[in-house]
Amino acid sequence: MKSFTYERVHTPAEAAAAAARMPGSKFLAGGTNLLDLMKLQIETPVHLIDIGKLELNKIEHTLTGGLRIGALLSNTDLAADLSVRRDYQILARALLAGASGQLRNKATTAGNLLQRTRCPYFYDTNQPCNKRVPGSGCAAITGFSRQLAVIGSSNACIATHPSDMAVAMMALDAVIETINPKGKVRLIPIADFYRLPGKTPHIETVLEKNELITSVVLPPPSGGMHFYHKVRDRSSYAFALVSVGAILHKDGSGQIAVGGVAAKPWRNKSIEKVVPLGAKAFTEKLFAKARPTQENAFKIQLVERALEGILKEGRS
Amino acid sequence: MKFDKPAGKNPTDQMKVIGKPLDRIDGPLKTTGTAKYAYEYNEPNKGHAYGYIVGAAIGKGRIDSINQYAAKRAPGVLAIVTYENAGPLQKGMFYVDRLLAGPEIDHYHQAVAVIVAETFEQARSAAALLKVNYTRLKGSFDFKALKDSSITPKRGAYGPAPQSEVGNFKGAFDTADVKLDQTYTTPDQSHAMMEPHATIARWDGDKLTCWCSIQQLNWGVRDLANVLGIPKENVRLISRFIGGGFGGKGTVLSDIVAASLGARAAGRPVKIALQRPLIFNNTTHRPATIQRIRIGTKKDGTITAIGHESWSGNLPGGMSESATAPTSSLYAGANRMLHLRQAVLDLGEGNAMRAPGEASGMMALEIAMDEMAEKLKMDPVAFRILNDTQVDPAENKRRFSTRLLAKCLSEGAEKFNWNRRPDSVGTMKEGKWLIGMGVASAVRGAPITKSAARVRLNKDGIVTVETDMTDLGTGSYTIIGQTAAEMMGVGIEKVIVKIGDSSFPESSGSGGQWGAASSTSGVYAACIKLREAVARSLGFDPEKTEFSDGKVHSGSRSFVLRAAVKTEEIVAEDEMTYGELSKQYAQDTFGAHFVEVGVNVYTCEIRVRRMLAVCHAGRILNPKSARSQVIGAMTMGVGAALMEDLVVDKNRGFFVNHDLAGYEVPVHADIPYQEVIMLDDVDPTMSPMKAKGIGELGLVGVAAAIANAVYNATGVRVREYPITIDKLLGKIKIDA
Ligand SMILES: Cc1cc2nc3c(=O)[nH]c(=O)nc-3n(C[C@H](O)[C@H](O)[C@H](O)COP(=O)(O)OP(=O)(O)OC[C@H]3O[C@@H](n4cnc5c(N)ncnc54)[C@H](O)[C@@H]3O)c2cc1C
Ligand code: SF4
């Protein structure tokens, strides 16, 4: 860990302004990802802005019947919220499939969206990694890639985004609300929020420097049956090999997002009309442009089969 | 005391304290967080500094230069030790790895430097400033590709003969009615114990004391003295509690060497705990194997030929994973062949991990037995029982001291409702789950070795035991206390157990499943001496004196125990040593594992639903701690079957998934109801305690039983561990 300075802020505007004042600073929310990465010197902020005391830990109903989730609400509280459990079950299920009880108590909505990849080479500072040190190369492409991306990857990086929550948010068409140091508020649909690696895998989202996430807004409940199937080698406390979040509607249509396959939760709305044709047809279309490695090609079939199980359950 | 005739009736047969499922006497310390582990001895080490080890950044090569400029000037830094200033270092006698690299680098994360600083954070942050320039050399990392370069290794200190043949294996196999010839692989595995390797080292003049986490303190003293080139008498090791070891803390590793060198350089006590991501490559692991098994039988299932070959890799001179060990004596058969071969690899050192040899070997052999039973259209339990033997098939006249393998299998089958197992694979379904059952035998040697202890009886009637035995969470404290209590005729509350200090009489230490039987036998020997001293003090004939209920009886007279203590205390010390009984008898522990799994027909996720182990392991000294050992081992077997895999990056030369996020071991949700049955038995050929070990037996065979259950559920035979989703996925039809 490198030495850093620390301050605690009290309003969102103050947070963004503090960030603008101190180049090389980072927001500290639950710290469950950032502090781990700092200990390994993968993240080396010179200044931490503790946003933990901001009043962004509430859930409110929006005027249009949706839900506004505070950026600092804990994953535990979000999963336990009555409206979430009733109207957005996919989100509650995804949250509870992630990490452990202790971690979810600390982890926050915004921190969860912004957690970084679990590529093992990203974590080992002796290894080349374009995401950690731009231009240093990618050890994973010729190395151990079983966990890594099968689609949307580039020759620079094949890492995945590890969040479960974000997969559910993607299926729900969530919108991320931010504020910048000038006080400007921005609404970013989650589909536009994450960037694919391309030549710059170290840039992971469209957030600008010093832009603070204040909340995540869910549209009004869409009804339907909600599923979140996370598949992994052990039963709990592991990141997904793949995860399938699905909301299935009576008319046969569906909203389907997939985790563990790309640098962002993977969804293609334009093909959701083929859901009634079955898992195979849908998965083939969803992964038409896939470029898996030999070690992780099985993920595509795994998504198909997980989805088939979900569709079967949905029909019965 | 020398043990050279089978034990007759003796005080341990009272079973008033021994054999009772007592809570562990160190339990309250553990549950209140007050049991002190190596890293926590701050009191005797006031003013200590912190060490942080820098691991090699390459898999194989050489250090060209080390630039210490920035690191030396970093805040709080007191000393930096590298090969350039460490002085000459030798190797220990158990591990072959050099514990400080330089100028050659033998494997990834081999210790290159230790940074000593005022605080842990300062040491860690200075470590990142050390600039080490390397020349990379081409290393050997791809074990499968190197298989053909393997050679037959020299016989190791603990393994079986690397090559042996009984009868004419090839002839018998070629002419057998039914044959199997299959190859299986097991991956590298890591011990992944909770407590990282840790040491606080303190020099007082030329005397060195280390609070450390080492299973065999006698080896530790020997090896640390060797490595540092100092007399053994100057080394004292203290390991009062060990947070798991599984063979990975046998003796001296980099933490204790670095702490000792760092403390010398800084002139202050130094503490080091290996950072978790370093442990997997820096320390030892269970080596991967490729195993070829050939079994030939008559039409009725009688084995006529059995051959087991195993390949593994290691650093030059490292021990081989003796996977063929169980095949030497588990099943009958007149013609037998075993062969180990070893390749040279530039990865961290392969060494002992819980049931070394047997665990890996049985992962393969017991799938082969399942495959063979299927070819023969026999029930796998019946096939195993048919080929049971009461004499060591490799040495025909040598009988097993006790062997109830067949009973383990048949009793287990009944308890597990084995008769509900579907004969044809893939036919039992519950909703989206395919259900299957599997069985495997278990065998593990029952080595026993010399062990000494001292016992003190004081004026209050308190018995204190001192021996340098260790407790890895296994329950040594408690069974040692039970032994002394039984021998002296008192309750366990009258006994104080002091272990884990090399200044106490030298014990067996904990390893190879020998600790429980050996260390309690040493306590037995010392207690016999104490009983004699007590009897004499009371004017009794030692031969005619009995100890029970806190009293000493002879004829019609009796005294309370403490009455024997005339001055301060009575002290007795002795060592148990062994004659030829272990040559006369084949001494092993046996068991059977039964497992039921469910496999999700869509995603091929495997969930273990039920587990049963039946164990035959001599007298069970404490059924509660023995059960804990077995269920812990069964849990480790689930890991071996379904997830544990230390993945080698063959280009860059290291174990990639080197932390507990990447190296998965089972979590609670993976473990179902586990049942353990101990067959009631004693083995008088072992020692007066009539006990054997059980901690390793519980692991052996578990993974194969799971593999066999997965086959029974799905019809997919996976011969490459671990059995993960990707290996089933393309092969299970959803409408199956
Ligand atoms: C052992 C372990 C297992 C885990 N398993 C899972 C799992 O199975 N599934 C899963 O989804 N996750 C898992 N996680 C990840 C966990 O969900 C994340 O660590 C957590 O959600 C991060 O939230 P935080 O509040 O602690 O973020 P922090 O660590 O505080 O921050 C993370 C990042 O977000 C930035 N940030 C935080 N808040 C804001 C804001 N309001 N605006 C702008 N930037 C912000 C920070 O600057 C930092 O860069 C696991 C983590 C661990 C340690
Ligand atoms: S896949 Fe991405 S994160 Fe992993 S090593 Fe390559 S560049 Fe780094």
# chains A, B, ... in the order shown; residues from 1 in each chain; ligands from 1
>>> interface_residues(of="chain B", to="chain A", cutoff="6 Å", atoms="only C-alpha atoms", output="MDAnalysis selection string")
chainID B and resid 57 125 602:603 649 669:670 726
>>> residues_around(residues="range 152-155 of chain A", least_positions_apart="2", cutoff="9 Å", atoms="only C-alpha atoms", output="PyMOL selection string")
chain A and resi 138+141+149-150+157-160+196-199+201+261-264+266+289-292
>>> select_by_dssp(residues="range 260-459 of chain B", states="helix (DSSP H, G or I)", output="MDAnalysis selection string")
chainID B and resid 260:266 276:282 325:328 358:375 380:386 405:415 418:420
>>> write_last_selection(atoms="C-alpha atoms", output="compact mmCIF listing (two decimals), in the first residue's frame")
# COMPACT_ATOMS: atom_id res chain seq x y z
CA SER B 260 15.75 -15.46 11.91
CA LEU B 261 17.95 -13.67 9.38
CA GLY B 262 15.90 -10.49 9.67
CA ALA B 263 16.09 -10.52 13.47
CA ARG B 264 19.84 -10.97 13.33
CA ALA B 265 20.23 -8.11 10.87
CA ALA B 266 17.90 -5.75 12.74
CA ARG B 276 -1.49 -15.45 1.41
CA PRO B 277 -0.72 -14.93 -2.30
CA LEU B 278 2.89 -15.98 -1.67
CA ILE B 279 2.10 -19.28 0.04
CA PHE B 280 0.97 -21.25 -3.00
CA ASN B 281 4.19 -20.88 -4.99
CA ASN B 282 6.66 -20.17 -2.18
CA ALA B 325 1.48 -47.00 -2.23
CA PRO B 326 -2.12 -48.12 -1.64
CA THR B 327 -2.02 -50.62 -4.50
CA SER B 328 0.76 -52.59 -2.86
CA GLU B 358 -2.47 -42.77 -0.72
CA ALA B 359 -4.78 -39.81 -1.31
CA SER B 360 -3.62 -39.31 -4.92
CA GLY B 361 -3.26 -42.98 -5.63
CA MET B 362 -6.72 -43.88 -4.40
CA MET B 363 -8.25 -41.09 -6.46
CA ALA B 364 -7.22 -43.23 -9.43
CA LEU B 365 -7.29 -46.80 -8.15
CA GLU B 366 -10.79 -46.56 -6.78
CA ILE B 367 -12.22 -45.27 -10.04
CA ALA B 368 -10.45 -48.15 -11.76
CA MET B 369 -12.07 -50.59 -9.35
CA ASP B 370 -15.46 -49.07 -10.16
CA GLU B 371 -14.81 -49.41 -13.87
CA MET B 372 -13.71 -52.98 -13.40
CA ALA B 373 -16.79 -53.88 -11.37
CA GLU B 374 -18.90 -52.53 -14.18
CA LYS B 375 -17.06 -54.60 -16.78
CA PRO B 380 -18.68 -52.48 -6.68
CA VAL B 381 -18.98 -53.33 -2.98
CA ALA B 382 -19.08 -57.05 -3.67
CA PHE B 383 -16.14 -56.81 -6.11
CA ARG B 384 -14.00 -55.16 -3.45
CA ILE B 385 -14.98 -57.63 -0.75
CA LEU B 386 -14.22 -60.54 -3.08
CA LEU B 405 -12.00 -53.64 5.25
CA ALA B 406 -14.78 -56.03 4.26
CA LYS B 407 -16.74 -55.10 7.34
CA CYS B 408 -16.31 -51.39 6.63
CA LEU B 409 -17.73 -51.98 3.16
CA SER B 410 -20.62 -54.21 4.12
CA GLU B 411 -21.65 -52.29 7.21
CA GLY B 412 -21.41 -49.03 5.27
CA ALA B 413 -23.48 -50.42 2.41
CA GLU B 414 -26.22 -51.34 4.81
CA LYS B 415 -26.23 -48.03 6.68
CA TRP B 418 -26.61 -48.91 -0.96
CA ASN B 419 -29.20 -51.32 -2.34
CA ARG B 420 -31.09 -48.27 -3.61
>>> select_by_dssp(residues="range 40-223 of chain A", states="strand (DSSP E or B)", output="MDAnalysis selection string")
chainID A and resid 47:50 59:61 67:70 74 108 129 138 175:179 185:189 194 205 212:218
>>> write_last_selection(atoms="N, CA and C atoms", output="short mmCIF file (atom, residue, chain, number, x, y, z; two decimals), in the first residue's frame")
data_model
loop_
_atom_site.label_atom_id
_atom_site.label_comp_id
_atom_site.auth_asym_id
_atom_site.auth_seq_id
_atom_site.Cartn_x
_atom_site.Cartn_y
_atom_site.Cartn_z
N HIS A 47 -5.04 10.05 -2.47
CA HIS A 47 -5.98 10.67 -1.55
C HIS A 47 -7.28 9.89 -1.58
N LEU A 48 -7.85 9.62 -0.40
CA LEU A 48 -9.14 8.93 -0.35
C LEU A 48 -10.21 9.88 0.14
N ILE A 49 -11.30 9.91 -0.59
CA ILE A 49 -12.44 10.72 -0.18
C ILE A 49 -13.51 9.78 0.33
N ASP A 50 -13.68 9.76 1.63
CA ASP A 50 -14.62 8.82 2.24
C ASP A 50 -16.03 9.35 2.08
N ILE A 59 -33.72 4.10 -0.11
CA ILE A 59 -34.49 3.65 -1.28
C ILE A 59 -35.77 4.47 -1.31
N GLU A 60 -36.05 5.07 -2.47
CA GLU A 60 -37.28 5.86 -2.57
C GLU A 60 -38.04 5.44 -3.82
N HIS A 61 -39.35 5.59 -3.75
CA HIS A 61 -40.16 5.35 -4.95
C HIS A 61 -40.10 6.59 -5.82
N LEU A 67 -37.95 2.87 -8.75
CA LEU A 67 -37.25 2.86 -7.48
C LEU A 67 -35.92 3.60 -7.64
N ARG A 68 -35.64 4.49 -6.69
CA ARG A 68 -34.34 5.15 -6.70
C ARG A 68 -33.51 4.57 -5.55
N ILE A 69 -32.39 3.97 -5.92
CA ILE A 69 -31.56 3.28 -4.93
C ILE A 69 -30.32 4.12 -4.66
N GLY A 70 -30.11 4.48 -3.42
CA GLY A 70 -28.96 5.31 -3.07
C GLY A 70 -27.65 4.60 -3.38
N SER A 74 -26.26 -0.40 1.42
CA SER A 74 -25.49 -1.65 1.42
C SER A 74 -26.21 -2.71 0.60
N THR A 108 -21.47 -1.50 -1.29
CA THR A 108 -22.50 -0.52 -1.64
C THR A 108 -22.94 -0.67 -3.10
N CYS A 129 -0.18 -6.90 -17.61
CA CYS A 129 -1.64 -6.78 -17.63
C CYS A 129 -1.98 -5.38 -18.12
N CYS A 138 -0.90 -8.70 -22.10
CA CYS A 138 -1.95 -9.46 -21.40
C CYS A 138 -1.49 -10.89 -21.22
N VAL A 175 -30.90 2.84 -14.61
CA VAL A 175 -30.24 4.08 -15.06
C VAL A 175 -29.37 4.61 -13.92
N ILE A 176 -28.14 4.95 -14.25
CA ILE A 176 -27.21 5.40 -13.22
C ILE A 176 -27.16 6.92 -13.21
N GLU A 177 -27.33 7.45 -12.02
CA GLU A 177 -27.39 8.90 -11.88
C GLU A 177 -26.10 9.41 -11.25
N THR A 178 -25.53 10.45 -11.82
CA THR A 178 -24.23 10.93 -11.32
C THR A 178 -24.25 12.44 -11.15
N ILE A 179 -23.22 12.91 -10.46
CA ILE A 179 -23.03 14.36 -10.35
C ILE A 179 -21.55 14.63 -10.57
N VAL A 185 -25.76 17.06 -13.15
CA VAL A 185 -26.31 15.72 -12.96
C VAL A 185 -26.44 15.05 -14.32
N ARG A 186 -26.11 13.74 -14.36
CA ARG A 186 -26.18 13.02 -15.62
C ARG A 186 -26.89 11.70 -15.39
N LEU A 187 -27.69 11.28 -16.36
CA LEU A 187 -28.36 9.98 -16.28
C LEU A 187 -27.77 9.06 -17.34
N ILE A 188 -27.25 7.92 -16.91
CA ILE A 188 -26.61 7.01 -17.87
C ILE A 188 -27.30 5.65 -17.82
N PRO A 189 -27.98 5.28 -18.91
CA PRO A 189 -28.57 3.94 -18.94
C PRO A 189 -27.47 2.89 -18.77
N TYR A 194 -20.92 0.67 -19.15
CA TYR A 194 -19.62 -0.03 -19.21
C TYR A 194 -19.03 0.06 -20.61
N THR A 205 -15.58 2.33 -17.68
CA THR A 205 -16.94 2.88 -17.76
C THR A 205 -16.88 4.23 -18.46
N LEU A 212 -19.30 11.44 -9.55
CA LEU A 212 -19.78 10.62 -8.43
C LEU A 212 -21.13 10.00 -8.77
N ILE A 213 -21.25 8.71 -8.51
CA ILE A 213 -22.56 8.08 -8.67
C ILE A 213 -23.39 8.42 -7.43
N THR A 214 -24.60 8.90 -7.65
CA THR A 214 -25.44 9.25 -6.50
C THR A 214 -26.55 8.24 -6.29
N SER A 215 -27.05 7.66 -7.39
CA SER A 215 -28.08 6.64 -7.22
C SER A 215 -28.24 5.83 -8.49
N VAL A 216 -29.00 4.76 -8.34
CA VAL A 216 -29.35 3.94 -9.50
C VAL A 216 -30.88 3.90 -9.52
N VAL A 217 -31.45 4.20 -10.68
CA VAL A 217 -32.90 4.29 -10.78
C VAL A 217 -33.43 3.10 -11.58
N LEU A 218 -34.42 2.43 -10.99
CA LEU A 218 -35.06 1.32 -11.70
C LEU A 218 -36.38 1.81 -12.26
#
>>> atom_distance(atom1="CA of Gly61 in chain B", atom2="CA of Ser150 in chain B")
22.1 Å
>>> closest_residue(among="B:Ala38, B:Ile480, B:Ala517, B:Ala564", to="Lys459 in chain B", atoms="only C-alpha atoms")
B:Ala564
>>> residues_near_ligand(ligand="ligand 1", cutoff="8 Å", atoms="only C-alpha atoms and all ligand atoms", output="NGL selection string")
(:A and (26-36 or 51 or 71-72 or 74-75 or 94-95 or 97-100 or 103-104 or 106-116 or 162-166 or 178 or 210-215 or 236-240)) or (:B and (661))
>>> write_last_selection(atoms="N, CA and C atoms", output="short mmCIF file (atom, residue, chain, number, x, y, z; two decimals), in the first residue's frame")
data_model
loop_
_atom_site.label_atom_id
_atom_site.label_comp_id
_atom_site.auth_asym_id
_atom_site.auth_seq_id
_atom_site.Cartn_x
_atom_site.Cartn_y
_atom_site.Cartn_z
N LYS A 26 -9.51 9.01 -4.97
CA LYS A 26 -10.56 8.01 -5.24
C LYS A 26 -11.62 8.14 -4.17
N PHE A 27 -12.85 7.78 -4.55
CA PHE A 27 -13.92 7.71 -3.56
C PHE A 27 -13.81 6.39 -2.81
N LEU A 28 -14.03 6.45 -1.52
CA LEU A 28 -14.05 5.24 -0.72
C LEU A 28 -15.48 5.00 -0.24
N ALA A 29 -16.06 3.89 -0.67
CA ALA A 29 -17.41 3.55 -0.20
C ALA A 29 -17.26 2.45 0.85
N GLY A 30 -17.68 1.22 0.56
CA GLY A 30 -17.51 0.12 1.52
C GLY A 30 -16.06 -0.30 1.67
N GLY A 31 -15.30 -0.04 0.64
CA GLY A 31 -13.86 -0.36 0.69
C GLY A 31 -13.54 -1.82 0.44
N THR A 32 -14.54 -2.64 0.19
CA THR A 32 -14.26 -4.09 0.09
C THR A 32 -13.47 -4.45 -1.16
N ASN A 33 -13.49 -3.59 -2.14
CA ASN A 33 -12.68 -3.86 -3.32
C ASN A 33 -11.48 -2.92 -3.36
N LEU A 34 -11.74 -1.66 -3.12
CA LEU A 34 -10.68 -0.65 -3.26
C LEU A 34 -9.52 -0.91 -2.29
N LEU A 35 -9.83 -1.20 -1.03
CA LEU A 35 -8.74 -1.38 -0.06
C LEU A 35 -7.91 -2.61 -0.38
N ASP A 36 -8.57 -3.70 -0.81
CA ASP A 36 -7.81 -4.89 -1.21
C ASP A 36 -6.83 -4.54 -2.33
N ILE A 51 -16.82 8.64 1.26
CA ILE A 51 -18.19 9.10 1.01
C ILE A 51 -19.19 8.30 1.85
N ALA A 71 -26.67 5.36 -3.83
CA ALA A 71 -25.38 4.79 -4.22
C ALA A 71 -24.68 4.12 -3.06
N LEU A 72 -25.02 4.55 -1.82
CA LEU A 72 -24.30 4.02 -0.67
C LEU A 72 -25.10 3.02 0.15
N SER A 74 -26.26 -0.40 1.42
CA SER A 74 -25.49 -1.65 1.42
C SER A 74 -26.21 -2.71 0.60
N ASN A 75 -25.45 -3.62 0.05
CA ASN A 75 -26.03 -4.72 -0.73
C ASN A 75 -27.00 -5.53 0.13
N ALA A 94 -29.83 -11.83 -7.32
CA ALA A 94 -28.46 -11.62 -7.79
C ALA A 94 -27.56 -11.16 -6.64
N LEU A 95 -28.08 -10.23 -5.84
CA LEU A 95 -27.29 -9.74 -4.72
C LEU A 95 -26.94 -10.87 -3.76
N ALA A 97 -26.67 -13.90 -4.30
CA ALA A 97 -25.77 -14.90 -4.89
C ALA A 97 -24.32 -14.41 -4.87
N GLY A 98 -24.13 -13.16 -4.45
CA GLY A 98 -22.78 -12.59 -4.51
C GLY A 98 -22.09 -12.55 -3.17
N ALA A 99 -20.79 -12.72 -3.18
CA ALA A 99 -19.92 -12.53 -2.02
C ALA A 99 -20.44 -13.30 -0.81
N SER A 100 -20.37 -12.68 0.37
CA SER A 100 -20.81 -13.33 1.60
C SER A 100 -21.60 -12.32 2.41
N LEU A 103 -19.48 -9.37 3.60
CA LEU A 103 -19.10 -8.44 2.54
C LEU A 103 -20.29 -7.61 2.08
N ARG A 104 -21.44 -8.26 2.00
CA ARG A 104 -22.63 -7.53 1.52
C ARG A 104 -23.05 -6.45 2.52
N LYS A 106 -21.01 -4.50 3.95
CA LYS A 106 -20.14 -3.34 3.69
C LYS A 106 -20.32 -2.82 2.26
N ALA A 107 -20.53 -3.74 1.32
CA ALA A 107 -20.55 -3.37 -0.10
C ALA A 107 -21.71 -2.44 -0.41
N THR A 108 -21.47 -1.50 -1.29
CA THR A 108 -22.50 -0.52 -1.64
C THR A 108 -22.94 -0.67 -3.10
N THR A 109 -24.04 0.01 -3.43
CA THR A 109 -24.57 -0.07 -4.79
C THR A 109 -23.54 0.41 -5.81
N ALA A 110 -22.98 1.59 -5.57
CA ALA A 110 -22.04 2.15 -6.55
C ALA A 110 -20.74 1.35 -6.57
N GLY A 111 -20.26 1.00 -5.38
CA GLY A 111 -19.02 0.22 -5.31
C GLY A 111 -19.17 -1.10 -6.05
N ASN A 112 -20.32 -1.71 -5.92
CA ASN A 112 -20.55 -2.98 -6.60
C ASN A 112 -20.49 -2.81 -8.11
N LEU A 113 -21.11 -1.73 -8.63
CA LEU A 113 -21.07 -1.49 -10.08
C LEU A 113 -19.64 -1.29 -10.56
N LEU A 114 -18.83 -0.69 -9.68
CA LEU A 114 -17.48 -0.29 -10.11
C LEU A 114 -16.39 -1.24 -9.65
N GLN A 115 -16.75 -2.36 -9.07
CA GLN A 115 -15.72 -3.33 -8.67
C GLN A 115 -14.94 -3.76 -9.90
N ARG A 116 -13.70 -4.12 -9.66
CA ARG A 116 -12.84 -4.43 -10.81
C ARG A 116 -12.76 -5.93 -11.06
N PRO A 162 -17.08 -8.79 -12.78
CA PRO A 162 -17.51 -9.86 -11.87
C PRO A 162 -18.83 -9.65 -11.15
N SER A 163 -19.48 -8.52 -11.33
CA SER A 163 -20.64 -8.22 -10.49
C SER A 163 -21.86 -9.07 -10.84
N ASP A 164 -22.54 -9.55 -9.82
CA ASP A 164 -23.85 -10.19 -10.00
C ASP A 164 -24.94 -9.13 -10.08
N MET A 165 -24.85 -8.15 -9.17
CA MET A 165 -25.88 -7.11 -9.10
C MET A 165 -26.06 -6.42 -10.45
N ALA A 166 -24.93 -6.16 -11.11
CA ALA A 166 -25.00 -5.42 -12.36
C ALA A 166 -25.74 -6.21 -13.44
N THR A 178 -25.53 10.45 -11.82
CA THR A 178 -24.23 10.93 -11.32
C THR A 178 -24.25 12.44 -11.15
N ASN A 210 -13.68 12.13 -11.58
CA ASN A 210 -14.31 12.85 -10.46
C ASN A 210 -15.83 12.85 -10.48
N GLU A 211 -16.40 12.08 -11.36
CA GLU A 211 -17.86 12.00 -11.42
C GLU A 211 -18.33 11.02 -10.34
N LEU A 212 -19.30 11.44 -9.55
CA LEU A 212 -19.78 10.62 -8.43
C LEU A 212 -21.13 10.00 -8.77
N ILE A 213 -21.25 8.71 -8.51
CA ILE A 213 -22.56 8.08 -8.67
C ILE A 213 -23.39 8.42 -7.43
N THR A 214 -24.60 8.90 -7.65
CA THR A 214 -25.44 9.25 -6.50
C THR A 214 -26.55 8.24 -6.29
N SER A 215 -27.05 7.66 -7.39
CA SER A 215 -28.08 6.64 -7.22
C SER A 215 -28.24 5.83 -8.49
N SER A 236 -21.13 -21.73 -3.21
CA SER A 236 -21.32 -20.40 -2.67
C SER A 236 -19.96 -19.70 -2.64
N TYR A 237 -19.99 -18.39 -2.46
CA TYR A 237 -18.76 -17.64 -2.21
C TYR A 237 -17.74 -17.83 -3.33
N ALA A 238 -18.21 -17.71 -4.55
CA ALA A 238 -17.31 -17.76 -5.69
C ALA A 238 -17.92 -16.89 -6.77
N PHE A 239 -17.08 -16.35 -7.63
CA PHE A 239 -17.58 -15.57 -8.74
C PHE A 239 -18.17 -16.53 -9.78
N ALA A 240 -19.03 -15.98 -10.61
CA ALA A 240 -19.76 -16.84 -11.56
C ALA A 240 -18.83 -17.34 -12.66
N ALA B 661 -9.20 -16.76 -3.33
CA ALA B 661 -10.30 -16.50 -4.25
C ALA B 661 -10.15 -17.39 -5.47
#
>>> residues_around(residues="range 8-13 of chain B", least_positions_apart="6", cutoff="9 Å", atoms="only C-alpha atoms", output="JSON, numbers by chain")
{"B": [483, 486, 487, 488, 489, 524, 546, 547, 684, 688, 689, 690]}
>>> residues_around(residues="Asp680 in chain B", least_positions_apart="3", cutoff="12 Å", atoms="only C-alpha atoms", output="list in words")
Gly19, Thr402, Leu404, Lys407, Cys408, Val614, Cys615, His616, Ala617, Gly618, Arg619, Ile620, Leu621, Pro623, Ile677, Asp683, Lys690 and Ala691 of chain B
>>> write_last_selection(atoms="C-alpha atoms", output="PDB file, in the first residue's frame")
ATOM      1  CA  GLY B  19     -12.367 -43.518  24.500  1.00  0.00           C
ATOM      2  CA  THR B 402      -6.050 -56.132  12.072  1.00  0.00           C
ATOM      3  CA  LEU B 404     -11.762 -55.111   8.731  1.00  0.00           C
ATOM      4  CA  LYS B 407     -16.742 -55.096   7.336  1.00  0.00           C
ATOM      5  CA  CYS B 408     -16.307 -51.393   6.628  1.00  0.00           C
ATOM      6  CA  VAL B 614     -16.785 -46.234   8.054  1.00  0.00           C
ATOM      7  CA  CYS B 615     -13.360 -46.348   9.670  1.00  0.00           C
ATOM      8  CA  HIS B 616     -11.298 -49.111  11.149  1.00  0.00           C
ATOM      9  CA  ALA B 617      -8.360 -47.500  12.875  1.00  0.00           C
ATOM     10  CA  GLY B 618      -7.587 -49.271  16.123  1.00  0.00           C
ATOM     11  CA  ARG B 619      -8.718 -47.879  19.444  1.00  0.00           C
ATOM     12  CA  ILE B 620     -10.449 -44.539  19.065  1.00  0.00           C
ATOM     13  CA  LEU B 621      -8.951 -42.395  21.804  1.00  0.00           C
ATOM     14  CA  PRO B 623     -14.635 -40.382  19.348  1.00  0.00           C
ATOM     15  CA  ILE B 677     -18.948 -44.851  11.924  1.00  0.00           C
ATOM     16  CA  ASP B 683      -4.732 -53.218  17.706  1.00  0.00           C
ATOM     17  CA  LYS B 690      -3.592 -50.069  20.853  1.00  0.00           C
ATOM     18  CA  ALA B 691      -4.445 -47.056  18.717  1.00  0.00           C
TER      19      ALA B 691
END
>>> residues_around(residues="Gly509 in chain B", least_positions_apart="5", cutoff="10 Å", atoms="only C-alpha atoms", output="PyMOL selection string")
chain B and resi 214-219+250+449-451+467-471+500+514-516+518-519
>>> residues_around(residues="Tyr88 in chain A", least_positions_apart="5", cutoff="12 Å", atoms="only C-alpha atoms", output="ChimeraX atom specification")
/A:66-67,78-83,93-95,165,168-169,171-174,218-228,245-247
>>> residues_around(residues="Gly259 in chain A", least_positions_apart="4", cutoff="7 Å", atoms="only C-alpha atoms", output="list in words")
Asp164, Val167, Val242, Ser243, Val244, Pro265 and Trp266 of chain A
>>> atom_distance(atom1="CA of Lys138 in chain B", atom2="CA of Gly156 in chain B")
28.3 Å
>>> atom_distance(atom1="CA of Ala526 in chain B", atom2="CA of Ser239 in chain B")
21.9 Å
